[in-house]
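Student: Please read through the structure below; I'll follow up with questions.
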Amino acid sequence: MDLTMLLQAGDARIGVPFWAIPILYSAPIALMALVVSSNVLSTPAKQCLSIPLLASEILVPIAFTANNAVIDLTCSVVGYNAFIRFFDFFWISPILYGKPAYADMDYLHTELWSSMRKFPKKKEEKPKEYVKDKKFYHILIRLFYHAAICDIFGAWYATFSGRDAMALSAERPVLFFFFLCIAVFVLNSAFNAIGCGLQLFYCIYYEGGSYSSEQWRPLMMDPIISTSLDELWSVRWHQLLRTSWVAFGFRPMRFITQRALAKTVKNPLPIALMMGAIAVFAVSGLMHEYIIYCNVGWTVYRQFFAGQQFFFFFIHGIGMASERILKQVTRGMKFPRILARIVSHAWVFAWAYYTFPYFLDGFAYWHIWKDNPFEFVQPYVIDFLRAIPQARALCGSLL
């Protein structure tokens with residue numbers, strides 16, 4: 001297989017059995033963790049060793065497939081974020097900040113779980129002690145609930161073909177609005193099901209079956225009720241990849257912007273912070289571009305979907321920055337609370353509604369929901385919908 005064929009991705013990828021997937025991804029990550037945590041190797045030596053390992057993380061999702069949409073999606077996300085996080089350790093931090101390429105295993109462990117779990121601060125004289133008030137079976141209850149949501153509503157999504165979903169915004173705009181709302185609702189449960197699985201593993205493996213509820217937060221916090229794009233992305237949306245995006249996007253952009261404006265702007269920090277926030281959205285956009293490219297293939301990606309994901313996330317970053325500017329301008333102004341809340345919700349829904357097609361189309365073409373791992377009651381839900389003639393107007397062509 002030549003390099004051109006290898007980079008085609010999509011259907012040109014090599015199929016591998018499920019058991020091989022963890023090896024393909026975890027081996028380079030484990031080796032990079034060992035290298036970056038070494039007290040013996042110099043930074044230049046670590047950088048040399050990192051090159052093939054970083055390359056493997058970014059190339060494996062392009063070259064191999066598990067022939068399952070959800071697994072391939074997960075692999076693309078893992079590969080991209082492992083690449084950018086370790087790229088920061090090995091290259092950005094030494095070159096931009098003059099720091100050695102080093103992070104100990106304890107730091108890596110804490111950072112890996114920090115999106116969900118609070119850790120006692122070691123710098124404090126008396127670190128806070130968390131009381132373990134829950135058992136592992138409390139996690140199972142939440143896991144079953146979120147799995148049921150994905151199963152039941154996933155059955156409805158299974159009635160839509162990729163073409164159905166891509167045509168919704170133009171042909172059935174009202175149904176498209178509900179498609180968007182239910183998608184956000186289901187994604188809330190999908191990510192929280194993942195979070196519950198991760199928490200269950202941590203609880204059993206590291207904590208012996210019990211945990212402190214004060215230390216844990218859900219991955220998603222009902223983004224459907226957000227009153228601003230800032231609240232949506234900074235608070236309620238999952239923060240699973242936050243450390244990677246902050247390290248690769250926010251900090252370098254903030255650092256470079258502050259340096260560039262230091263002699264011309266009296267206080268460059270607000271501008272630097274805003275540019276850093278936009279950079280995070282750009283990094284997210286590039287990740288989603290990479291996901292689509294890996295899974296639909298270069299030819300289809302280049303012809304139909306190139307730039308859509310980047311535009312979606314970048315425009316949301318611009319929208320969030322605009323919100324912050326508007327809040328500064330309108331500070332001190334008082335509006336009726338109910339009116340302000342209605343306008344805030346309308347703003348978020350409108351922004352999402354008109355930009356969602358740019359996010360949806362690539363995933364719809366790929367028909368990402370066809371490999372829903374939660375399909376226990378799906379056949380019964382579909383049979384129920386087929387028994388109701390009126391339901392066809394609310395479903396896709398596959399019903």
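By order of appearance in the structure tokens: chains A, B, ..., then residues from 1 within every chain, and ligands from 1 in the order shown.
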Which of range 71-230 of chain A counts as alpha helix (DSSP H) under DSSP, as a ChimeraX atom specification please?
Tutor: /A:71-87,105-113,136-157,162-171,173-207,229-230
Student: Write out as JSON lines the residues of range 98-182 of chain A that have any atom within 12 Å of an atom of range 73-86 of chain A, one row each with the nearest atom pair and its distance in Å to one decimal, counting only C-alpha atoms, sorted by chain and then rising number.
Tutor:
{"residue": "A:Ala101", "atom": "CA", "partner": "A:Phe86", "partner_atom": "CA", "distance": 9.4}
{"residue": "A:Tyr102", "atom": "CA", "partner": "A:Phe86", "partner_atom": "CA", "distance": 10.2}
{"residue": "A:Ala103", "atom": "CA", "partner": "A:Phe86", "partner_atom": "CA", "distance": 10.0}
{"residue": "A:Leu108", "atom": "CA", "partner": "A:Arg85", "partner_atom": "CA", "distance": 10.5}
{"residue": "A:Glu111", "atom": "CA", "partner": "A:Arg85", "partner_atom": "CA", "distance": 10.7}
{"residue": "A:Leu112", "atom": "CA", "partner": "A:Arg85", "partner_atom": "CA", "distance": 10.7}
Student: Do you have, as JSON lines, the list of residues of range 112-147 of chain A lying at most 12 Å from range 230-249 of chain A, each with its nearest atom pair and that distance in Å to one decimal, counting only C-alpha atoms and ordered by chain then number?
Tutor:
{"residue": "A:Leu112", "atom": "CA", "partner": "A:Thr243", "partner_atom": "CA", "distance": 8.2}
{"residue": "A:Trp113", "atom": "CA", "partner": "A:Leu240", "partner_atom": "CA", "distance": 8.4}
{"residue": "A:Ser114", "atom": "CA", "partner": "A:Leu240", "partner_atom": "CA", "distance": 8.3}
{"residue": "A:Ser115", "atom": "CA", "partner": "A:Leu240", "partner_atom": "CA", "distance": 5.2}
{"residue": "A:Met116", "atom": "CA", "partner": "A:Leu240", "partner_atom": "CA", "distance": 7.5}
{"residue": "A:Arg117", "atom": "CA", "partner": "A:Leu240", "partner_atom": "CA", "distance": 10.8}
Student: Keeping only C-alpha atoms, take the residues you just selected and write them out as a tab-separated table (two decimals), in the first residue's frame.
Tutor:
chain	number	residue	atom	x	y	z
A	112	LEU	CA	-6.67	12.48	32.52
A	113	TRP	CA	-9.47	12.36	35.10
A	114	SER	CA	-9.75	16.08	35.89
A	115	SER	CA	-12.71	16.63	33.56
A	116	MET	CA	-14.87	14.52	35.88
A	117	ARG	CA	-13.12	14.26	39.23
Student: Using only C-alpha atoms, pick whichever of A:Trp351, A:Tyr301, A:Tyr206, A:Phe376 has the shortest atom-to-atom distance to Gly317 in chain A.
Tutor: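 Of the candidates, the smallest distance to Gly317 in chain A is held by A:Trp351.
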Student: Please, which residues of range 133-358 of chain A, numbered as in this document, come out strand (DSSP E or B) from DSSP, as a ChimeraX atom specification?
Tutor: /A:134-135,210-211,216
Student: So that I have them on file, write out the residues from the current selection with C-alpha atoms, as an mmCIF file, in the first residue's frame.
Tutor:
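Result went into again-v3.cif, see below:
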data_model
loop_
_atom_site.group_PDB
_atom_site.id
_atom_site.type_symbol
_atom_site.label_atom_id
_atom_site.label_comp_id
_atom_site.auth_asym_id
_atom_site.auth_seq_id
_atom_site.Cartn_x
_atom_site.Cartn_y
_atom_site.Cartn_z
ATOM 1 C CA LYS A 134 -21.687 6.449 47.568
ATOM 2 C CA LYS A 135 -21.155 2.919 46.264
ATOM 3 C CA SER A 210 -16.985 3.459 46.955
ATOM 4 C CA TYR A 211 -16.557 7.145 46.112
ATOM 5 C CA TRP A 216 -17.435 13.857 40.723
#
Student: Need the shell around Gly396 in chain A: protein/DNA/RNA residues with any atom at most 9 Å away, counting only C-alpha atoms. Skip same-chain ones fewer than 6 positions apart. Format as a list in words?
Tutor: Trp156, Tyr157, Ala158, Thr159, Phe160, Ser161, Asp164 and Ala165 of chain A
Student: Mind dumping the selected residues with N, CA and C atoms as a short mmCIF file (atom, residue, chain, number, x, y, z; two decimals), in the first residue's frame?
Tutor:
data_model
loop_
_atom_site.label_atom_id
_atom_site.label_comp_id
_atom_site.auth_asym_id
_atom_site.auth_seq_id
_atom_site.Cartn_x
_atom_site.Cartn_y
_atom_site.Cartn_z
N TRP A 156 -35.57 6.15 17.18
CA TRP A 156 -36.17 7.16 16.30
C TRP A 156 -35.14 7.64 15.28
N TYR A 157 -33.91 7.89 15.72
CA TYR A 157 -32.87 8.33 14.79
C TYR A 157 -32.56 7.25 13.76
N ALA A 158 -32.73 5.98 14.14
CA ALA A 158 -32.45 4.89 13.21
C ALA A 158 -33.39 4.88 12.01
N THR A 159 -34.50 5.62 12.10
CA THR A 159 -35.43 5.68 10.97
C THR A 159 -34.96 6.67 9.90
N PHE A 160 -33.93 7.47 10.22
CA PHE A 160 -33.43 8.47 9.28
C PHE A 160 -32.19 7.95 8.56
N SER A 161 -32.22 8.03 7.25
CA SER A 161 -31.01 7.75 6.48
C SER A 161 -30.13 9.00 6.53
N ASP A 164 -31.80 11.65 4.50
CA ASP A 164 -32.93 12.24 5.23
C ASP A 164 -32.45 13.36 6.14
N ALA A 165 -31.42 13.06 6.92
CA ALA A 165 -30.92 14.03 7.91
C ALA A 165 -30.35 15.27 7.24
#
Student: Can I get the residues of range 5-57 of chain A within 12 Å of range 291-298 of chain A, each with the closest pair of atoms and their distance in Å to one decimal, using only C-alpha atoms, sorted chain first then ascending number, as CSV?
Tutor:
residue,atom,partner,partner_atom,distance
A:Met5,CA,A:Trp298,CA,10.0
A:Leu6,CA,A:Trp298,CA,10.3
A:Leu7,CA,A:Trp298,CA,7.4
A:Gln8,CA,A:Trp298,CA,5.0
A:Ala9,CA,A:Gly297,CA,4.5
A:Gly10,CA,A:Gly297,CA,3.6
A:Asp11,CA,A:Gly297,CA,6.5
A:Ala12,CA,A:Gly297,CA,7.5
A:Arg13,CA,A:Gly297,CA,8.7
A:Ile14,CA,A:Cys294,CA,12.0
Student: List as a PyMOL selection string the protein and nucleic acid residues near Phe281 in chain A, meaning an atom at most 8 Å away when only C-alpha atoms are counted, but skip any in the same chain fewer than 4 places from it.
Tutor: chain A and resi 277+285+313-314+316-317
Student: Near Gln378 in chain A, within 8 Å and counting only C-alpha atoms, which residues show up once chain neighbours fewer than 2 positions away are dropped, as a VMD selection string?
Tutor: chain A and resid 151 to 152 154 to 155 375 to 376 380 to 382
Student: To one decimal place, how far is CA of Ala321 in chain A from CA of Leu168 in chain A in Å?
Tutor: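 Answer for the CA of Ala321 in chain A to CA of Leu168 in chain A separation: 29.4 Å.
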Student: Quick one: residues within 12 Å of Pro389 in chain A, only C-alpha atoms, excluding same-chain residues fewer than 6 positions away - as number ranges by chain?
Tutor: A: 383, 395, 399
Student: Selection from above, N, CA and C atoms, as a PDB file, in the first residue's frame, can you write it?
Tutor:
ATOM      1  N   ASP A 383     -41.122  -1.064  15.868  1.00  0.00           N
ATOM      2  CA  ASP A 383     -42.402  -1.738  15.596  1.00  0.00           C
ATOM      3  C   ASP A 383     -43.571  -0.898  16.099  1.00  0.00           C
ATOM      4  N   CYS A 395     -40.970  10.683  11.242  1.00  0.00           N
ATOM      5  CA  CYS A 395     -39.807   9.796  11.183  1.00  0.00           C
ATOM      6  C   CYS A 395     -39.133   9.893   9.824  1.00  0.00           C
ATOM      7  N   LEU A 399     -38.286   4.009   8.238  1.00  0.00           N
ATOM      8  CA  LEU A 399     -39.300   3.415   9.124  1.00  0.00           C
ATOM      9  C   LEU A 399     -40.094   2.349   8.378  1.00  0.00           C
TER      10      LEU A 399
END
Student: Determine the nearest neighbour of Phe201 in chain A from the options A:Leu54, A:Phe136, A:Gln258, A:Phe305, counting only C-alpha atoms.
Tutor: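 That would be A:Phe136, the residue with the smallest distance to Phe201 in chain A.
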Student: Name all residues at most 9 Å from range 180-196 of chain A (count only C-alpha atoms; drop same-chain ones fewer than 2 positions away) and give them as number ranges by chain.
Tutor: A: 116, 139-140, 142-150, 153-154, 157, 175-178, 198-201, 218-224, 237-238, 240, 349, 352-353, 356
Student: Could those residues be written to a file, using C-alpha atoms, as a PDB file, in the first residue's frame?
Tutor:
ATOM      1  CA  MET A 116     -14.866  14.524  35.882  1.00  0.00           C
ATOM      2  CA  ILE A 139     -23.304   4.707  39.263  1.00  0.00           C
ATOM      3  CA  LEU A 140     -25.057   1.722  37.670  1.00  0.00           C
ATOM      4  CA  ARG A 142     -27.413   6.447  36.303  1.00  0.00           C
ATOM      5  CA  LEU A 143     -25.702   4.366  33.640  1.00  0.00           C
ATOM      6  CA  PHE A 144     -28.870   2.339  32.978  1.00  0.00           C
ATOM      7  CA  TYR A 145     -30.953   5.520  32.776  1.00  0.00           C
ATOM      8  CA  HIS A 146     -28.675   7.176  30.209  1.00  0.00           C
ATOM      9  CA  ALA A 147     -28.364   3.931  28.236  1.00  0.00           C
ATOM     10  CA  ALA A 148     -32.174   3.698  28.096  1.00  0.00           C
ATOM     11  CA  ILE A 149     -32.417   7.260  26.747  1.00  0.00           C
ATOM     12  CA  CYS A 150     -29.881   6.444  24.022  1.00  0.00           C
ATOM     13  CA  PHE A 153     -34.468   7.847  21.159  1.00  0.00           C
ATOM     14  CA  GLY A 154     -31.770   6.115  19.135  1.00  0.00           C
ATOM     15  CA  TYR A 157     -32.871   8.327  14.788  1.00  0.00           C
ATOM     16  CA  LEU A 175     -38.934  18.533  12.198  1.00  0.00           C
ATOM     17  CA  PHE A 176     -35.313  19.640  11.872  1.00  0.00           C
ATOM     18  CA  PHE A 177     -35.752  21.826  14.965  1.00  0.00           C
ATOM     19  CA  PHE A 178     -36.962  18.811  16.964  1.00  0.00           C
ATOM     20  CA  LEU A 198     -15.377   5.724  33.246  1.00  0.00           C
ATOM     21  CA  GLN A 199     -16.429   6.588  36.790  1.00  0.00           C
ATOM     22  CA  LEU A 200     -17.442   2.979  37.441  1.00  0.00           C
ATOM     23  CA  PHE A 201     -14.012   1.799  36.327  1.00  0.00           C
ATOM     24  CA  PRO A 218     -21.364  14.488  35.199  1.00  0.00           C
ATOM     25  CA  LEU A 219     -19.688  14.833  31.825  1.00  0.00           C
ATOM     26  CA  MET A 220     -22.695  16.752  30.474  1.00  0.00           C
ATOM     27  CA  MET A 221     -24.951  19.058  32.460  1.00  0.00           C
ATOM     28  CA  ASP A 222     -28.158  19.367  30.396  1.00  0.00           C
ATOM     29  CA  PRO A 223     -26.883  21.714  27.651  1.00  0.00           C
ATOM     30  CA  ILE A 224     -30.434  22.006  26.280  1.00  0.00           C
ATOM     31  CA  TRP A 237     -21.035  20.725  27.469  1.00  0.00           C
ATOM     32  CA  HIS A 238     -18.593  17.963  28.299  1.00  0.00           C
ATOM     33  CA  LEU A 240     -13.553  15.620  28.563  1.00  0.00           C
ATOM     34  CA  PHE A 349     -31.535  27.963  19.912  1.00  0.00           C
ATOM     35  CA  ALA A 352     -27.660  26.388  17.036  1.00  0.00           C
ATOM     36  CA  TYR A 353     -30.503  25.939  14.526  1.00  0.00           C
ATOM     37  CA  PHE A 356     -26.250  22.847  13.065  1.00  0.00           C
TER      38      PHE A 356
END
Student: Do you have the CA of Val280 in chain A-CA of Thr257 in chain A distance handy?
Tutor: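 Rounded to one decimal, the two atoms are 14.1 Å apart.
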Student: Which of these residues is nearest to Ser213 in chain A, using only C-alpha atoms: A:Asp133, A:Leu286, A:Ala272, A:Ile71?
Tutor: A:Asp133
